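Q: Below is one structure. I have some questions about it.
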Amino acid sequence: MTGFVDRERATDLMQRAGIEALVLCEPEAFQYATGAWIGPAGLFRRAGAGFVVIPKRNDLPIGIVVADFQAAQLRAAMAGAVVRTHPIWIESASFEPATADRPVAQRIEAGLVGRAPGFSRPATFELARSVRELKRMLAEFGLERATLGIELDFVPASDLSAMQAMLTGTALVNGSQILDRLRAVKSQSEIDLLQQGIVLSEAGLSRLQQHAATGMRQSELIALYRQGVADAAAGSSQQISTAEYVTLGARPKRADAVAAAGDPLKPTWCAA
């Protein structure tokens, strides 16, 4: 999968808005643009876990700044993109067969050889490091003094101030509406995935309807739905995930709530 951005339509929308590039950082927008997960740093819901640069000029590639832990996945998903990385807290090292007879600590040290002097990993991730890579990429694209559309519907105010201070020479304006308009028009591959999600959700609901019984806990009812989805998705090449919200009877959502006779079961489900 290589993302769903229609570059020609994006260029037209940016031309009308007077911006030179769209910079995305919301985890969902990142996946929309690349087809790949932003990685565990995105779970913090802050700017800086990753960036996607979509230039107005079609002769420029899409640019990606992502955690080093996710770089291989992004390069595989977006072969034509320019990918830059920033360090996060997750460490990795290569164990070479030639060091198999050494103690583990020495093998780790050998696997880390070649890093820049003074390299260190942050506690989670640092906005300054990812924006520094973003700034270098913008300079490569000739956009270091451009007007950029960013996701003001997502970026926290404190992160916006920090980004403005670091991206000197650029003008940051709201690009959320452009992203919304891009997402509003679905490609055939997006439509196919939405239809697949409906089929899987219906399979989960069908299993729930057939096997739900009094005495079951909410967590067991959710497990029925998930199993129905998993059975229907068996053999699929797509990564399948589910999200559920269940209200059982008159009680709020609670995993240990037990179904009694006459209880209404109000589920909200999705599978994708």
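Residues are referred to by chain and number: the chain letter is A, B, ... according to the order shown in the structure tokens, the number counts from 1 in that chain, and ligands are numbered separately from 1 in the order shown.
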Each residue of stretch 16-42 of chain A with at least one atom at most 10 Å from stretch 121-144 of chain A should appear once, together with its nearest atom pair and the corresponding distance in Å (one decimal); atoms considered: only C-alpha atoms; ordering: chain, then increasing residue number; output as a Markdown table.

A:
| residue | atom | partner | partner_atom | distance |
| --- | --- | --- | --- | --- |
| A:Glu20 | CA | A:Leu143 | CA | 7.4 |
| A:Ala21 | CA | A:Leu143 | CA | 8.0 |
| A:Val23 | CA | A:Leu134 | CA | 9.4 |
| A:Pro40 | CA | A:Thr124 | CA | 9.5 |
| A:Ala41 | CA | A:Phe125 | CA | 6.9 |
| A:Gly42 | CA | A:Phe125 | CA | 9.7 |

Q: When DSSP is applied to the backbone of this structure, which of stretch 84-206 of chain A are assigned alpha helix (DSSP H)? Write them out as a VMD selection string.

A: chain A and resid 104 to 111 127 to 140 157 to 166 176 to 184 188 to 206

Q: What's around A:Glu202 at 10 Å? Count only C-alpha atoms, leave out sequence neighbours fewer than 3 positions away in its own chain, and write the answer as a PyMOL selection string.

A: chain A and resi 196-199+205-208+225+228-229+232+269-271

Q: Restrict the selected residues to N, CA, C and O atoms and save them as a short mmCIF file (atom, residue, chain, number, x, y, z; two decimals), in the first residue's frame.

A:
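Output file out.cif is given in full below:
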data_model
loop_
_atom_site.label_atom_id
_atom_site.label_comp_id
_atom_site.auth_asym_id
_atom_site.auth_seq_id
_atom_site.Cartn_x
_atom_site.Cartn_y
_atom_site.Cartn_z
N GLN A 196 -14.93 -3.77 2.41
CA GLN A 196 -14.41 -4.92 3.14
C GLN A 196 -14.67 -4.77 4.64
O GLN A 196 -15.03 -5.73 5.32
N GLY A 197 -14.50 -3.55 5.16
CA GLY A 197 -14.77 -3.31 6.57
C GLY A 197 -16.22 -3.58 6.94
O GLY A 197 -16.51 -4.12 8.00
N ILE A 198 -17.14 -3.20 6.04
CA ILE A 198 -18.56 -3.46 6.29
C ILE A 198 -18.84 -4.95 6.34
O ILE A 198 -19.55 -5.46 7.22
N VAL A 199 -18.26 -5.69 5.39
CA VAL A 199 -18.47 -7.14 5.35
C VAL A 199 -17.95 -7.78 6.62
O VAL A 199 -18.62 -8.65 7.23
N LEU A 205 -20.99 -9.06 13.83
CA LEU A 205 -22.31 -8.87 14.43
C LEU A 205 -23.16 -10.13 14.30
O LEU A 205 -23.94 -10.46 15.20
N SER A 206 -23.01 -10.83 13.18
CA SER A 206 -23.77 -12.07 12.99
C SER A 206 -23.38 -13.12 14.02
O SER A 206 -24.24 -13.78 14.61
N ARG A 207 -22.09 -13.24 14.28
CA ARG A 207 -21.64 -14.20 15.30
C ARG A 207 -22.13 -13.79 16.68
O ARG A 207 -22.56 -14.63 17.49
N LEU A 208 -22.10 -12.50 16.96
CA LEU A 208 -22.59 -12.00 18.24
C LEU A 208 -24.07 -12.32 18.40
O LEU A 208 -24.51 -12.79 19.47
N TYR A 225 -17.71 -10.88 18.83
CA TYR A 225 -17.63 -10.03 17.64
C TYR A 225 -16.25 -10.15 17.00
O TYR A 225 -16.12 -10.33 15.78
N GLY A 228 -15.79 -13.36 15.14
CA GLY A 228 -16.50 -13.35 13.85
C GLY A 228 -15.74 -12.60 12.79
O GLY A 228 -15.66 -13.03 11.63
N VAL A 229 -15.16 -11.47 13.17
CA VAL A 229 -14.34 -10.70 12.23
C VAL A 229 -13.12 -11.50 11.82
O VAL A 229 -12.77 -11.58 10.64
N ALA A 232 -13.94 -14.27 9.38
CA ALA A 232 -14.26 -13.75 8.04
C ALA A 232 -13.02 -13.22 7.33
O ALA A 232 -12.95 -13.22 6.10
N TRP A 269 -19.59 -0.73 16.32
CA TRP A 269 -18.46 -1.53 15.90
C TRP A 269 -17.85 -1.00 14.62
O TRP A 269 -18.52 -0.38 13.81
N CYS A 270 -16.61 -1.32 14.42
CA CYS A 270 -16.01 -1.14 13.10
C CYS A 270 -14.84 -2.11 12.97
O CYS A 270 -14.21 -2.48 13.97
N ALA A 271 -14.62 -2.55 11.77
CA ALA A 271 -13.49 -3.42 11.47
C ALA A 271 -12.83 -2.89 10.21
O ALA A 271 -13.50 -2.52 9.26
#

Q: Using the chain letters and numbers from this document, which residues of stretch 20-264 of chain A does DSSP assign to strand (DSSP E), as number ranges by chain?

A: A: 21-24, 50-55, 63-67, 82-86, 147-150, 171-174, 242-248

Q: Using N, CA, C and O atoms, can you write the selected residues to a file as a short mmCIF file (atom, residue, chain, number, x, y, z; two decimals), in the first residue's frame?

A:
data_model
loop_
_atom_site.label_atom_id
_atom_site.label_comp_id
_atom_site.auth_asym_id
_atom_site.auth_seq_id
_atom_site.Cartn_x
_atom_site.Cartn_y
_atom_site.Cartn_z
N ALA A 21 3.10 23.59 0.18
CA ALA A 21 3.18 22.18 0.59
C ALA A 21 2.23 21.95 1.75
O ALA A 21 1.93 22.87 2.52
N LEU A 22 1.78 20.72 1.87
CA LEU A 22 0.94 20.29 2.99
C LEU A 22 1.81 19.43 3.89
O LEU A 22 2.48 18.50 3.42
N VAL A 23 1.84 19.75 5.18
CA VAL A 23 2.64 19.00 6.15
C VAL A 23 1.69 18.32 7.13
O VAL A 23 0.98 18.99 7.89
N LEU A 24 1.67 17.00 7.11
CA LEU A 24 0.76 16.21 7.94
C LEU A 24 1.51 15.57 9.09
O LEU A 24 2.65 15.13 8.93
N GLY A 50 6.00 12.01 13.62
CA GLY A 50 6.31 11.84 12.21
C GLY A 50 5.69 12.97 11.40
O GLY A 50 4.73 13.61 11.85
N PHE A 51 6.23 13.22 10.23
CA PHE A 51 5.69 14.23 9.33
C PHE A 51 5.63 13.66 7.91
O PHE A 51 6.49 12.86 7.53
N VAL A 52 4.63 14.09 7.16
CA VAL A 52 4.57 13.81 5.73
C VAL A 52 4.47 15.15 5.01
O VAL A 52 3.61 15.97 5.33
N VAL A 53 5.38 15.38 4.07
CA VAL A 53 5.39 16.61 3.28
C VAL A 53 4.87 16.29 1.88
O VAL A 53 5.47 15.46 1.17
N ILE A 54 3.76 16.92 1.51
CA ILE A 54 3.21 16.75 0.16
C ILE A 54 3.39 18.06 -0.57
O ILE A 54 2.63 19.02 -0.36
N PRO A 55 4.40 18.18 -1.42
CA PRO A 55 4.63 19.44 -2.12
C PRO A 55 3.55 19.73 -3.16
O PRO A 55 2.96 18.80 -3.72
N GLY A 63 7.78 13.69 0.95
CA GLY A 63 8.82 13.56 1.96
C GLY A 63 8.25 13.03 3.26
O GLY A 63 7.11 13.34 3.62
N ILE A 64 9.03 12.22 3.96
CA ILE A 64 8.57 11.60 5.21
C ILE A 64 9.64 11.74 6.27
O ILE A 64 10.82 11.45 6.02
N VAL A 65 9.25 12.19 7.45
CA VAL A 65 10.10 12.15 8.63
C VAL A 65 9.44 11.17 9.59
O VAL A 65 8.26 11.34 9.94
N VAL A 66 10.17 10.15 10.00
CA VAL A 66 9.57 9.10 10.83
C VAL A 66 10.60 8.60 11.83
O VAL A 66 11.81 8.79 11.65
N ALA A 67 10.12 7.99 12.90
CA ALA A 67 11.00 7.41 13.90
C ALA A 67 11.90 6.36 13.27
O ALA A 67 11.47 5.61 12.38
N VAL A 82 11.17 10.45 -0.16
CA VAL A 82 12.39 10.80 0.57
C VAL A 82 12.10 10.58 2.05
O VAL A 82 11.17 11.18 2.60
N VAL A 83 12.86 9.73 2.70
CA VAL A 83 12.61 9.37 4.10
C VAL A 83 13.77 9.82 4.97
O VAL A 83 14.93 9.47 4.71
N ARG A 84 13.46 10.59 5.99
CA ARG A 84 14.42 10.99 7.01
C ARG A 84 13.94 10.45 8.35
O ARG A 84 12.74 10.26 8.55
N THR A 85 14.86 10.23 9.27
CA THR A 85 14.50 9.62 10.54
C THR A 85 14.94 10.46 11.73
O THR A 85 15.85 11.28 11.62
N HIS A 86 14.29 10.24 12.84
CA HIS A 86 14.69 10.81 14.13
C HIS A 86 14.61 9.72 15.17
O HIS A 86 13.79 8.80 15.05
N THR A 147 5.13 28.94 2.20
CA THR A 147 3.94 28.91 3.05
C THR A 147 3.47 27.47 3.11
O THR A 147 3.19 26.84 2.08
N LEU A 148 3.39 26.93 4.32
CA LEU A 148 3.07 25.52 4.52
C LEU A 148 1.71 25.38 5.21
O LEU A 148 1.42 26.09 6.17
N GLY A 149 0.92 24.45 4.73
CA GLY A 149 -0.34 24.13 5.39
C GLY A 149 -0.13 23.00 6.37
O GLY A 149 0.31 21.91 5.98
N ILE A 150 -0.39 23.22 7.65
CA ILE A 150 -0.25 22.17 8.65
C ILE A 150 -1.60 21.90 9.30
O ILE A 150 -2.55 22.67 9.14
N ALA A 171 6.06 30.17 6.62
CA ALA A 171 4.79 30.61 7.18
C ALA A 171 3.91 29.39 7.36
O ALA A 171 3.68 28.63 6.41
N LEU A 172 3.43 29.19 8.58
CA LEU A 172 2.59 28.04 8.89
C LEU A 172 1.13 28.48 8.95
O LEU A 172 0.77 29.31 9.78
N VAL A 173 0.30 27.92 8.07
CA VAL A 173 -1.12 28.26 8.03
C VAL A 173 -1.94 26.97 8.16
O VAL A 173 -1.40 25.87 8.07
N ASN A 174 -3.22 27.11 8.37
CA ASN A 174 -4.08 25.94 8.57
C ASN A 174 -4.30 25.18 7.26
O ASN A 174 -4.83 25.72 6.30
N THR A 242 -10.04 -4.04 14.93
CA THR A 242 -11.43 -3.74 15.29
C THR A 242 -11.47 -2.69 16.40
O THR A 242 -10.51 -2.53 17.15
N ALA A 243 -12.58 -1.99 16.46
CA ALA A 243 -12.83 -1.04 17.55
C ALA A 243 -14.28 -1.21 17.97
O ALA A 243 -15.18 -1.29 17.11
N GLU A 244 -14.52 -1.31 19.27
CA GLU A 244 -15.88 -1.60 19.75
C GLU A 244 -16.24 -0.69 20.93
O GLU A 244 -15.39 -0.37 21.75
N TYR A 245 -17.49 -0.34 20.97
CA TYR A 245 -18.03 0.34 22.14
C TYR A 245 -19.38 -0.29 22.43
O TYR A 245 -20.28 -0.28 21.58
N VAL A 246 -19.52 -0.87 23.61
CA VAL A 246 -20.73 -1.63 23.94
C VAL A 246 -21.40 -1.03 25.17
O VAL A 246 -20.75 -0.75 26.17
N THR A 247 -22.69 -0.80 25.07
CA THR A 247 -23.52 -0.45 26.22
C THR A 247 -24.49 -1.59 26.46
O THR A 247 -25.26 -1.95 25.56
N LEU A 248 -24.43 -2.17 27.64
CA LEU A 248 -25.26 -3.32 27.96
C LEU A 248 -26.29 -2.92 29.01
O LEU A 248 -25.93 -2.47 30.10
#

Q: For the interface of stretch 181-224 of chain A with stretch 26-37 of chain A (cut-off 12 Å, counting only C-alpha atoms), please tabulate each contacting residue of stretch 181-224 of chain A alongside its nearest pair of atoms and their separation in Å to one decimal, rows sorted by chain and increasing number, as a tab-separated table.

A:
residue	atom	partner	partner_atom	distance
A:Leu182	CA	A:Tyr32	CA	10.1
A:Arg183	CA	A:Tyr32	CA	8.4
A:Ala184	CA	A:Tyr32	CA	12.0
A:Lys186	CA	A:Tyr32	CA	11.2
A:Ser187	CA	A:Tyr32	CA	11.7
A:Ser189	CA	A:Gly35	CA	11.5
A:Glu190	CA	A:Tyr32	CA	9.8

Q: Kindly save the residues from that selection, with C-alpha atoms included, as a tab-separated table (two decimals), in the first residue's frame.

A:
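Result file is part-v8.tsv:
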chain	number	residue	atom	x	y	z
A	182	LEU	CA	-8.67	15.30	-0.10
A	183	ARG	CA	-10.14	12.61	2.14
A	184	ALA	CA	-13.70	13.40	1.05
A	186	LYS	CA	-12.40	8.27	-2.19
A	187	SER	CA	-10.28	6.31	-4.63
A	189	SER	CA	-8.95	1.21	-3.42
A	190	GLU	CA	-10.36	3.19	-0.48
